[in-house]
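Comments concern the structure below.
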Amino acid sequence: MSWRALAAAVVIVVLAACSGDDEQGAPGGTAAVTDGGVSTAGPATTERSDRERDDDARDDDDAAGDDDDDDDSDYDRFAVDPLPAPDAADVVVPEPAERVTCPTATTTVADADGLAAALAAASPGDVIELAAGRYDGNFVASAEASDDSPIFLCGSADAVLAGEGPKESGYVLHLDGAASWRVVGITVRDGRKGVMVDGGVGNVLQDLTVTSIGDEAIHLRAASTDNAVLDNQISDTGRRREKFGEGVYVGTAQSNWCTVSDCEPDRSDRNVVEGNVITDTTSEAIDIKEGTVDGVVLGNSFDGSAATAADSWVDVKGNGWIVAANTGVAAPEHGIQVHEIIKGWGSGNAFVGNTLAVDADGFGFDLHGPEGSNLVACDNDVTGAAEGISNEPCR
């Protein structure tokens, strides 16, 4: 059995024993659906959703302290045995993900009301094309499609979804229980959060421009699995709260599981974050939370010059992730970190073939997971790290 298969097996067994129920409810309430699973809700521009109110509660909770340092015995039941560090010879870096090409449009929209109506009526096989222009509001997509018949939402970077402002509430684009959507090419800006995926499965977010965001740019949470975040331009986050200005955020901090995932781990597993250019984020370029497994961070580019509320480009707290072929410049302190927030988590991860121009006071790889349980391969190219390549030996 490969180390990745072993990782998945261990985590699934332990979490299943802890949860007693594999059904994942929607956070903050149940999404309204009609026949075919299509939400009838339009853009949430006038009434705040339960999730938006929950975000305020989470922010207040997080503001009390750094969730990376929490030691909450209530979560000891989710402890696992640390996964062994993979052998470098056994690590297989995945091939690049398949990119999406938008088909001929079945529906073309040119204003916010038209977009809201098209999202609410979407069904498998639809191709929604946005004409160039500005679409003001917070927009929701909830239809479930399949890989054989996905739903496309496509446009150029001149098709701009704009929220109510970085310091206001809401998600500019919310994939709420959506499955097999292909969101391609458009700009998302001027919201408290950019693209939020809750309970989303098999979605692709590709070639987006996400900028001028109050908190995080793209967030996969509430058991969002098997999604791909590809080739996006992400910048200018943290305009409301620097601490929450991540570029890509996967999962949920354990201190918020009772808000998001019914006091169970947020199993946002097997997600791929690949080929993104992430700059001017005030917090981590990529933040991977405890409870997530078997994801891939591949071929991304980071610039940490604006990171005032983080001490690394990437922070991994999940298990069995592959972090490979990424490049970074101007680290805030360290290049890539691992943390063990819950016992046994932050283990079994592999860091291979990254090129890190740290140029800061810390390590290239600063590992605080279970000792010896993560692989820093010796093929990583680390320069300018005052404390050295890693606080654990490369192998």
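Every chain in the structure tokens takes a letter, A first, then B, and so on in the order presented; its residues are numbered from 1, and the ligands are numbered from 1 following the presented order.
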
Glu168 of chain A: which residues within 10 Å, counting only C-alpha atoms, same-chain residues fewer than 2 positions away excluded, as a PyMOL selection string? chain A and resi 163-166+170-171+190-193+214+240

Requested write-out: all heavy atoms of the selected residues, as a CSV table (one decimal), in the first residue's frame:
chain,number,residue,atom,x,y,z
A,163,GLY,N,-18.7,42.9,-5.2
A,163,GLY,CA,-19.5,42.9,-3.9
A,163,GLY,C,-19.8,44.3,-3.4
A,163,GLY,O,-19.5,45.3,-4.1
A,164,GLU,N,-20.2,44.4,-2.2
A,164,GLU,CA,-20.6,45.7,-1.6
A,164,GLU,C,-19.5,46.4,-1.0
A,164,GLU,O,-19.6,47.5,-0.4
A,164,GLU,CB,-21.7,45.5,-0.6
A,164,GLU,CG,-23.0,44.9,-1.2
A,164,GLU,CD,-24.1,44.6,-0.2
A,164,GLU,OE1,-23.7,44.4,1.0
A,164,GLU,OE2,-25.2,44.5,-0.6
A,165,GLY,N,-18.3,45.9,-1.1
A,165,GLY,CA,-17.1,46.5,-0.5
A,165,GLY,C,-16.4,45.6,0.4
A,165,GLY,O,-17.0,44.7,1.1
A,166,PRO,N,-15.0,45.7,0.5
A,166,PRO,CA,-14.2,44.8,1.3
A,166,PRO,C,-14.6,44.8,2.8
A,166,PRO,O,-14.3,43.8,3.5
A,166,PRO,CB,-12.8,45.2,1.1
A,166,PRO,CG,-12.8,46.0,-0.2
A,166,PRO,CD,-14.2,46.6,-0.3
A,170,GLY,N,-20.7,39.4,3.3
A,170,GLY,CA,-21.1,38.7,2.1
A,170,GLY,C,-20.0,38.1,1.3
A,170,GLY,O,-18.8,38.5,1.4
A,171,TYR,N,-20.4,37.1,0.5
A,171,TYR,CA,-19.5,36.5,-0.5
A,171,TYR,C,-19.8,37.0,-1.9
A,171,TYR,O,-21.0,36.9,-2.3
A,171,TYR,CB,-19.6,35.0,-0.4
A,171,TYR,CG,-19.8,34.4,1.0
A,171,TYR,CD1,-20.7,33.3,1.2
A,171,TYR,CD2,-19.0,34.9,2.1
A,171,TYR,CE1,-20.8,32.8,2.5
A,171,TYR,CE2,-19.2,34.3,3.3
A,171,TYR,CZ,-20.1,33.3,3.5
A,171,TYR,OH,-20.2,32.7,4.8
A,190,ASP,N,-14.0,43.3,-4.5
A,190,ASP,CA,-14.8,44.2,-3.7
A,190,ASP,C,-15.8,43.6,-2.8
A,190,ASP,O,-16.9,44.1,-2.6
A,190,ASP,CB,-15.5,45.3,-4.6
A,190,ASP,CG,-14.5,46.1,-5.3
A,190,ASP,OD1,-13.4,46.3,-4.8
A,190,ASP,OD2,-14.8,46.6,-6.4
A,191,GLY,N,-15.4,42.4,-2.2
A,191,GLY,CA,-16.3,41.8,-1.2
A,191,GLY,C,-15.5,41.5,0.0
A,191,GLY,O,-14.3,41.5,0.0
A,192,ARG,N,-16.3,41.2,1.1
A,192,ARG,CA,-15.6,40.7,2.3
A,192,ARG,C,-14.9,39.4,2.0
A,192,ARG,O,-13.7,39.2,2.5
A,192,ARG,CB,-16.6,40.5,3.4
A,192,ARG,CG,-16.0,40.0,4.7
A,192,ARG,CD,-17.0,40.3,5.8
A,192,ARG,NE,-16.6,39.5,7.0
A,192,ARG,CZ,-17.3,39.6,8.2
A,192,ARG,NH1,-18.3,40.4,8.3
A,192,ARG,NH2,-16.9,38.9,9.2
A,193,LYS,N,-15.5,38.5,1.3
A,193,LYS,CA,-14.9,37.3,0.9
A,193,LYS,C,-15.1,37.1,-0.6
A,193,LYS,O,-16.2,37.5,-1.1
A,193,LYS,CB,-15.4,36.0,1.6
A,193,LYS,CG,-15.2,36.2,3.2
A,193,LYS,CD,-15.8,35.0,3.9
A,193,LYS,CE,-15.7,35.2,5.4
A,193,LYS,NZ,-14.4,35.1,6.0
A,214,GLY,N,-11.9,41.8,1.4
A,214,GLY,CA,-11.7,42.1,2.9
A,214,GLY,C,-11.0,41.1,3.7
A,214,GLY,O,-10.2,41.4,4.5
A,240,ARG,N,-10.1,44.2,5.1
A,240,ARG,CA,-10.9,44.4,6.4
A,240,ARG,C,-10.1,44.0,7.6
A,240,ARG,O,-10.0,44.8,8.5
A,240,ARG,CB,-12.2,43.6,6.3
A,240,ARG,CG,-13.1,43.9,7.4
A,240,ARG,CD,-14.3,42.9,7.4
A,240,ARG,NE,-13.9,41.6,7.8
A,240,ARG,CZ,-14.0,41.1,9.1
A,240,ARG,NH1,-14.5,41.9,10.0
A,240,ARG,NH2,-13.6,39.9,9.4

Dump as a tab-separated table the rows for residues of segment 208-297 of chain A within 12 Å of segment 150-158 of chain A: closest atom pair and distance in Å with one decimal, only C-alpha atoms counted, ordered by chain and rising residue number.
residue	atom	partner	partner_atom	distance
A:Leu208	CA	A:Ala157	CA	7.3
A:Thr209	CA	A:Ala157	CA	6.8
A:Val210	CA	A:Ala157	CA	9.9
A:Thr211	CA	A:Ala157	CA	11.6
A:Asn232	CA	A:Ala157	CA	11.0
A:Gln233	CA	A:Ala157	CA	10.5

Glu95 of chain A environment, 12 Å, only C-alpha atoms, sequence neighbours closer than 2 positions dropped, as number ranges by chain: A: 92-93, 97-99, 272, 274, 296-299, 324-325

Requested write-out: N, CA and C atoms of the selected residues, as a compact mmCIF listing (two decimals), in the first residue's frame:
# COMPACT_ATOMS: atom_id res chain seq x y z
N VAL A 92 4.85 10.38 -5.49
CA VAL A 92 4.53 10.58 -6.90
C VAL A 92 3.81 11.93 -7.02
N VAL A 93 4.49 12.91 -7.60
CA VAL A 93 3.87 14.21 -7.80
C VAL A 93 2.84 14.08 -8.90
N ALA A 97 -3.27 19.22 -13.44
CA ALA A 97 -4.70 18.99 -13.63
C ALA A 97 -5.12 19.40 -15.03
N GLU A 98 -6.15 18.76 -15.53
CA GLU A 98 -6.70 19.13 -16.84
C GLU A 98 -7.36 20.50 -16.75
N ARG A 99 -7.03 21.35 -17.69
CA ARG A 99 -7.63 22.68 -17.72
C ARG A 99 -8.95 22.66 -18.47
N VAL A 272 -7.19 20.32 -5.04
CA VAL A 272 -5.98 20.66 -5.76
C VAL A 272 -5.89 22.18 -5.89
N GLU A 274 -3.42 24.69 -7.74
CA GLU A 274 -2.35 24.54 -8.72
C GLU A 274 -2.25 25.76 -9.65
N VAL A 296 -3.33 18.57 -2.84
CA VAL A 296 -2.14 18.85 -3.62
C VAL A 296 -1.99 20.36 -3.78
N VAL A 297 -0.77 20.87 -3.52
CA VAL A 297 -0.41 22.27 -3.77
C VAL A 297 0.75 22.22 -4.76
N LEU A 298 0.48 22.59 -6.01
CA LEU A 298 1.43 22.30 -7.08
C LEU A 298 1.64 23.52 -7.98
N GLY A 299 2.90 23.91 -8.15
CA GLY A 299 3.25 24.87 -9.18
C GLY A 299 2.67 26.25 -9.00
N ALA A 324 4.47 20.68 -3.94
CA ALA A 324 5.54 20.42 -4.89
C ALA A 324 5.63 21.50 -5.96
N ALA A 325 6.88 21.79 -6.38
CA ALA A 325 7.17 22.63 -7.55
C ALA A 325 6.59 24.03 -7.43

Close residues, Val314 of chain A itself excluded, 12 Å, only C-alpha atoms, min 6 positions apart in chain, as an mmCIF file with N, CA and C atoms, in the first residue's frame:
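Once everything was written out, this is out-v4.cif:
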data_model
loop_
_atom_site.group_PDB
_atom_site.id
_atom_site.type_symbol
_atom_site.label_atom_id
_atom_site.label_comp_id
_atom_site.auth_asym_id
_atom_site.auth_seq_id
_atom_site.Cartn_x
_atom_site.Cartn_y
_atom_site.Cartn_z
ATOM 1 N N GLU A 246 -6.063 35.543 3.752
ATOM 2 C CA GLU A 246 -5.412 34.455 3.019
ATOM 3 C C GLU A 246 -5.743 34.520 1.524
ATOM 4 N N GLY A 247 -4.857 33.935 0.723
ATOM 5 C CA GLY A 247 -5.156 33.809 -0.696
ATOM 6 C C GLY A 247 -6.116 32.664 -0.956
ATOM 7 N N VAL A 248 -5.701 31.436 -0.609
ATOM 8 C CA VAL A 248 -6.547 30.241 -0.716
ATOM 9 C C VAL A 248 -6.581 29.577 0.650
ATOM 10 N N TYR A 249 -7.775 29.259 1.115
ATOM 11 C CA TYR A 249 -8.000 28.727 2.457
ATOM 12 C C TYR A 249 -8.774 27.421 2.295
ATOM 13 N N VAL A 250 -8.242 26.328 2.836
ATOM 14 C CA VAL A 250 -8.872 25.023 2.691
ATOM 15 C C VAL A 250 -9.250 24.493 4.062
ATOM 16 N N VAL A 273 -4.755 22.738 -5.488
ATOM 17 C CA VAL A 273 -4.481 24.174 -5.621
ATOM 18 C C VAL A 273 -3.237 24.269 -6.497
ATOM 19 N N ILE A 278 -0.148 34.270 -6.441
ATOM 20 C CA ILE A 278 -0.747 34.838 -5.232
ATOM 21 C C ILE A 278 0.198 35.900 -4.684
ATOM 22 N N THR A 281 -1.088 39.377 -0.338
ATOM 23 C CA THR A 281 -1.981 38.864 0.700
ATOM 24 C C THR A 281 -1.388 39.230 2.055
ATOM 25 N N SER A 283 -2.161 37.733 4.900
ATOM 26 C CA SER A 283 -1.942 36.496 5.644
ATOM 27 C C SER A 283 -1.344 35.459 4.684
ATOM 28 N N GLU A 284 -1.430 34.173 5.020
ATOM 29 C CA GLU A 284 -0.781 33.163 4.190
ATOM 30 C C GLU A 284 -1.311 33.178 2.758
ATOM 31 N N ALA A 285 -0.440 32.874 1.824
ATOM 32 C CA ALA A 285 -0.899 32.657 0.450
ATOM 33 C C ALA A 285 -1.830 31.451 0.408
ATOM 34 N N ILE A 286 -1.475 30.373 1.109
ATOM 35 C CA ILE A 286 -2.314 29.175 1.182
ATOM 36 C C ILE A 286 -2.321 28.688 2.627
ATOM 37 N N ASP A 287 -3.510 28.485 3.184
ATOM 38 C CA ASP A 287 -3.669 28.007 4.559
ATOM 39 C C ASP A 287 -4.491 26.729 4.520
ATOM 40 N N ILE A 288 -3.921 25.632 5.004
ATOM 41 C CA ILE A 288 -4.526 24.307 4.943
ATOM 42 C C ILE A 288 -4.823 23.860 6.372
ATOM 43 N N LYS A 289 -6.080 23.647 6.672
ATOM 44 C CA LYS A 289 -6.488 23.432 8.052
ATOM 45 C C LYS A 289 -6.468 21.967 8.464
ATOM 46 N N VAL A 297 -0.774 20.868 -3.524
ATOM 47 C CA VAL A 297 -0.410 22.268 -3.772
ATOM 48 C C VAL A 297 0.746 22.222 -4.755
ATOM 49 N N LEU A 298 0.484 22.588 -6.009
ATOM 50 C CA LEU A 298 1.431 22.301 -7.077
ATOM 51 C C LEU A 298 1.639 23.519 -7.982
ATOM 52 N N ASN A 300 2.453 26.658 -7.757
ATOM 53 C CA ASN A 300 1.958 28.004 -7.482
ATOM 54 C C ASN A 300 3.126 28.971 -7.305
ATOM 55 N N SER A 301 2.830 30.258 -7.378
ATOM 56 C CA SER A 301 3.826 31.312 -7.193
ATOM 57 C C SER A 301 3.368 32.245 -6.090
ATOM 58 N N PHE A 302 4.258 32.498 -5.117
ATOM 59 C CA PHE A 302 3.927 33.315 -3.961
ATOM 60 C C PHE A 302 4.869 34.514 -3.869
ATOM 61 N N ASP A 303 4.321 35.648 -3.488
ATOM 62 C CA ASP A 303 5.113 36.815 -3.127
ATOM 63 C C ASP A 303 4.605 37.292 -1.780
ATOM 64 N N GLY A 304 5.447 37.163 -0.742
ATOM 65 C CA GLY A 304 5.025 37.481 0.612
ATOM 66 C C GLY A 304 5.326 38.894 1.063
ATOM 67 N N ALA A 307 2.727 40.381 3.440
ATOM 68 C CA ALA A 307 2.210 39.526 4.508
ATOM 69 C C ALA A 307 2.572 40.091 5.876
ATOM 70 N N VAL A 323 3.087 19.012 -1.470
ATOM 71 C CA VAL A 323 3.380 20.420 -1.778
ATOM 72 C C VAL A 323 4.626 20.409 -2.650
ATOM 73 N N ALA A 324 4.467 20.678 -3.940
ATOM 74 C CA ALA A 324 5.544 20.419 -4.888
ATOM 75 C C ALA A 324 5.631 21.502 -5.958
ATOM 76 N N ASN A 326 6.438 24.520 -6.200
ATOM 77 C CA ASN A 326 6.001 25.899 -5.991
ATOM 78 C C ASN A 326 7.223 26.816 -5.935
ATOM 79 N N THR A 327 7.008 28.098 -6.224
ATOM 80 C CA THR A 327 8.068 29.089 -6.105
ATOM 81 C C THR A 327 7.591 30.215 -5.204
ATOM 82 N N GLY A 328 8.514 30.766 -4.447
ATOM 83 C CA GLY A 328 8.163 31.868 -3.565
ATOM 84 C C GLY A 328 9.285 32.872 -3.459
ATOM 85 N N ALA A 331 9.612 35.866 1.656
ATOM 86 C CA ALA A 331 8.830 35.253 2.734
ATOM 87 C C ALA A 331 8.697 36.219 3.909
ATOM 88 N N PRO A 332 7.577 36.151 4.632
ATOM 89 C CA PRO A 332 7.447 37.017 5.807
ATOM 90 C C PRO A 332 8.422 36.654 6.933
ATOM 91 N N GLU A 333 8.706 35.382 7.128
ATOM 92 C CA GLU A 333 9.735 34.902 8.059
ATOM 93 C C GLU A 333 10.243 33.539 7.606
ATOM 94 N N HIS A 334 9.340 32.562 7.539
ATOM 95 C CA HIS A 334 9.664 31.239 7.032
ATOM 96 C C HIS A 334 9.015 31.063 5.658
ATOM 97 N N GLY A 335 9.470 30.036 4.948
ATOM 98 C CA GLY A 335 8.840 29.750 3.669
ATOM 99 C C GLY A 335 7.552 28.973 3.827
ATOM 100 N N ILE A 336 7.670 27.712 4.262
ATOM 101 C CA ILE A 336 6.523 26.812 4.406
ATOM 102 C C ILE A 336 6.555 26.231 5.813
ATOM 103 N N GLN A 337 5.389 26.185 6.466
ATOM 104 C CA GLN A 337 5.301 25.687 7.833
ATOM 105 C C GLN A 337 4.350 24.502 7.934
ATOM 106 N N VAL A 338 4.539 23.723 8.990
ATOM 107 C CA VAL A 338 3.609 22.677 9.401
ATOM 108 C C VAL A 338 3.296 22.909 10.869
ATOM 109 N N HIS A 339 2.017 22.768 11.237
ATOM 110 C CA HIS A 339 1.625 22.869 12.640
ATOM 111 C C HIS A 339 0.746 21.684 13.033
ATOM 112 N N PHE A 351 7.077 17.541 0.911
ATOM 113 C CA PHE A 351 7.473 18.816 0.311
ATOM 114 C C PHE A 351 8.629 18.526 -0.637
ATOM 115 N N ASN A 354 10.403 22.312 -4.465
ATOM 116 C CA ASN A 354 10.000 23.713 -4.366
ATOM 117 C C ASN A 354 11.233 24.620 -4.471
ATOM 118 N N LEU A 356 12.410 28.207 -3.165
ATOM 119 C CA LEU A 356 12.006 29.182 -2.164
ATOM 120 C C LEU A 356 13.114 30.207 -1.953
ATOM 121 N N GLY A 364 13.554 27.784 5.560
ATOM 122 C CA GLY A 364 12.786 27.467 4.366
ATOM 123 C C GLY A 364 11.565 26.645 4.732
ATOM 124 N N PHE A 365 11.765 25.597 5.572
ATOM 125 C CA PHE A 365 10.688 24.742 6.060
ATOM 126 C C PHE A 365 10.753 24.722 7.581
ATOM 127 N N ASP A 366 9.694 25.175 8.208
ATOM 128 C CA ASP A 366 9.626 25.281 9.660
ATOM 129 C C ASP A 366 8.567 24.293 10.129
ATOM 130 N N LEU A 367 8.997 23.122 10.595
ATOM 131 C CA LEU A 367 8.094 22.011 10.872
ATOM 132 C C LEU A 367 7.774 21.932 12.358
#

So that I can check the surroundings of segment 219-226 of chain A, please list as a list in words every protein, DNA and RNA residue that reaches within 8 Å of it, counting only C-alpha atoms and ignoring chain neighbours fewer than 6 positions away.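 Near segment 219-226 of chain A, the qualifying residues are Gln24, Ala26, Pro27, Val195, Met196, Val197, Asp198, Gly199, Gly200, Val201, Gly202, Asn203, Val248, Tyr249, Val250, Gly251, Thr252, Val260, Ser261, Asp266, Arg267, Ser268, Asp269, Arg270, Asn271 and Val272 of chain A.
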
Would you please extract all strand (DSSP E or B) residues from segment 263-355 of chain A, as assigned by DSSP on the backbone, and give them as an MDAnalysis selection string? chainID A and resid 272:274 277:279 286:288 293 296:298 301:303 314:316 319 322:324 327:329 336:339 350:352 355

For each of A:Gly346, A:Pro124, A:Gly372, A:Gly133, take the minimum atom-to-atom distance to Val109 of chain A, counting only C-alpha atoms, then give the residue where this is smallest.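 That would be A:Gly133, the residue with the smallest distance to Val109 of chain A.
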
Closest to Pro82 of chain A among A:Trp181, A:Tyr135, A:Trp345, A:Phe363, using only C-alpha atoms? A:Trp345

With distances taken over only C-alpha atoms, which residue among A:Asp111, A:Ser146, A:Ala357, A:Val352 lies nearest Asp379 of chain A?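 Answer, going by the shortest atom-to-atom distance: A:Val352.
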
DSSP helix (DSSP H, G or I) residues within segment 124-367 of chain A, as number ranges by chain: A: 242-244, 254-260

Would you write out those residues with N, CA and C atoms, as a PDB file, in the first residue's frame?
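That gives us out04.pdb:
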ATOM      1  N   GLU A 242      -6.382  42.131   8.467  1.00  0.00           N
ATOM      2  CA  GLU A 242      -5.146  41.571   7.914  1.00  0.00           C
ATOM      3  C   GLU A 242      -4.987  40.100   8.270  1.00  0.00           C
ATOM      4  N   LYS A 243      -5.405  39.726   9.470  1.00  0.00           N
ATOM      5  CA  LYS A 243      -5.230  38.347   9.929  1.00  0.00           C
ATOM      6  C   LYS A 243      -5.984  37.349   9.064  1.00  0.00           C
ATOM      7  N   PHE A 244      -7.080  37.768   8.451  1.00  0.00           N
ATOM      8  CA  PHE A 244      -7.932  36.870   7.687  1.00  0.00           C
ATOM      9  C   PHE A 244      -7.710  37.002   6.185  1.00  0.00           C
ATOM     10  N   GLN A 254     -10.188  24.229  13.876  1.00  0.00           N
ATOM     11  CA  GLN A 254     -10.970  23.416  14.817  1.00  0.00           C
ATOM     12  C   GLN A 254     -11.829  24.249  15.742  1.00  0.00           C
ATOM     13  N   SER A 255     -11.410  25.470  16.060  1.00  0.00           N
ATOM     14  CA  SER A 255     -12.193  26.326  16.947  1.00  0.00           C
ATOM     15  C   SER A 255     -13.520  26.724  16.337  1.00  0.00           C
ATOM     16  N   ASN A 256     -13.694  26.495  15.033  1.00  0.00           N
ATOM     17  CA  ASN A 256     -14.933  26.864  14.348  1.00  0.00           C
ATOM     18  C   ASN A 256     -15.696  25.668  13.795  1.00  0.00           C
ATOM     19  N   TRP A 257     -15.285  24.444  14.124  1.00  0.00           N
ATOM     20  CA  TRP A 257     -15.996  23.284  13.604  1.00  0.00           C
ATOM     21  C   TRP A 257     -17.442  23.247  14.070  1.00  0.00           C
ATOM     22  N   CYS A 258     -17.725  23.719  15.262  1.00  0.00           N
ATOM     23  CA  CYS A 258     -19.108  23.680  15.732  1.00  0.00           C
ATOM     24  C   CYS A 258     -19.990  24.671  14.973  1.00  0.00           C
ATOM     25  N   THR A 259     -19.398  25.664  14.368  1.00  0.00           N
ATOM     26  CA  THR A 259     -20.148  26.599  13.547  1.00  0.00           C
ATOM     27  C   THR A 259     -20.344  26.061  12.139  1.00  0.00           C
ATOM     28  N   VAL A 260     -19.319  25.425  11.595  1.00  0.00           N
ATOM     29  CA  VAL A 260     -19.317  25.073  10.167  1.00  0.00           C
ATOM     30  C   VAL A 260     -19.688  23.628   9.916  1.00  0.00           C
TER      31      VAL A 260
END

Using only C-alpha atoms, the best pick from A:Ala228, A:Leu175, A:Val160, A:Lys167 as closest to Arg189 of chain A would be A:Val160

Tell me which protein, DNA and RNA residues are within 8 Å of Asp359 of chain A, counting only C-alpha atoms, leaving out same-chain ones fewer than 2 positions away, and put them as a PyMOL selection string. chain A and resi 329-331+357+361+383-386

Just to be explicit: take each residue in the selection above, keep C-alpha atoms, and write the result as a CSV table (one decimal), in the first residue's frame.
chain,number,residue,atom,x,y,z
A,329,VAL,CA,9.9,35.2,-3.0
A,330,ALA,CA,10.1,37.5,0.0
A,331,ALA,CA,8.8,35.3,2.7
A,357,ALA,CA,13.8,32.5,-2.2
A,361,ASP,CA,15.1,35.5,9.2
A,383,THR,CA,18.0,30.5,-0.6
A,384,GLY,CA,18.2,33.4,1.7
A,385,ALA,CA,16.8,31.6,4.8
A,386,ALA,CA,18.8,32.9,7.7

Two-atom distance - atom CA of Thr292 of chain A, atom CA of Trp321 of chain A (Å):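 Atom-to-atom, atom CA of Thr292 of chain A and atom CA of Trp321 of chain A are spaced 8.7 Å apart.
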
Can you tell me, as a tab-separated table (two decimals) with N, CA and C atoms, in the first residue's frame, what residues are no more than 10 Å from Tyr75 of chain A when counting only C-alpha atoms, ignoring any on the same chain fewer than 4 positions away?
chain	number	residue	atom	x	y	z
A	71	ASP	N	-5.08	25.19	22.16
A	71	ASP	CA	-4.94	23.84	22.72
A	71	ASP	C	-6.24	23.53	23.44
A	79	ALA	N	-7.92	13.25	17.89
A	79	ALA	CA	-6.50	12.93	17.75
A	79	ALA	C	-6.34	11.64	16.95
A	254	GLN	N	-10.19	24.23	13.88
A	254	GLN	CA	-10.97	23.42	14.82
A	254	GLN	C	-11.83	24.25	15.74
A	255	SER	N	-11.41	25.47	16.06
A	255	SER	CA	-12.19	26.33	16.95
A	255	SER	C	-13.52	26.72	16.34
A	257	TRP	N	-15.29	24.44	14.12
A	257	TRP	CA	-16.00	23.28	13.60
A	257	TRP	C	-17.44	23.25	14.07
A	263	CYS	N	-19.60	20.41	14.79
A	263	CYS	CA	-18.62	20.00	15.80
A	263	CYS	C	-17.80	18.78	15.38
A	264	GLU	N	-17.76	18.50	14.08
A	264	GLU	CA	-16.93	17.44	13.51
A	264	GLU	C	-15.84	18.09	12.66
A	265	PRO	N	-14.78	17.35	12.35
A	265	PRO	CA	-13.76	17.91	11.45
A	265	PRO	C	-14.35	18.30	10.11
A	341	ILE	N	-2.11	21.15	15.31
A	341	ILE	CA	-3.13	21.79	16.13
A	341	ILE	C	-3.86	20.77	16.98
A	342	ILE	N	-4.10	19.59	16.41
A	342	ILE	CA	-4.69	18.45	17.12
A	342	ILE	C	-3.70	17.30	16.98
A	343	LYS	N	-3.54	16.52	18.03
A	343	LYS	CA	-2.50	15.49	18.04
A	343	LYS	C	-2.60	14.58	16.83
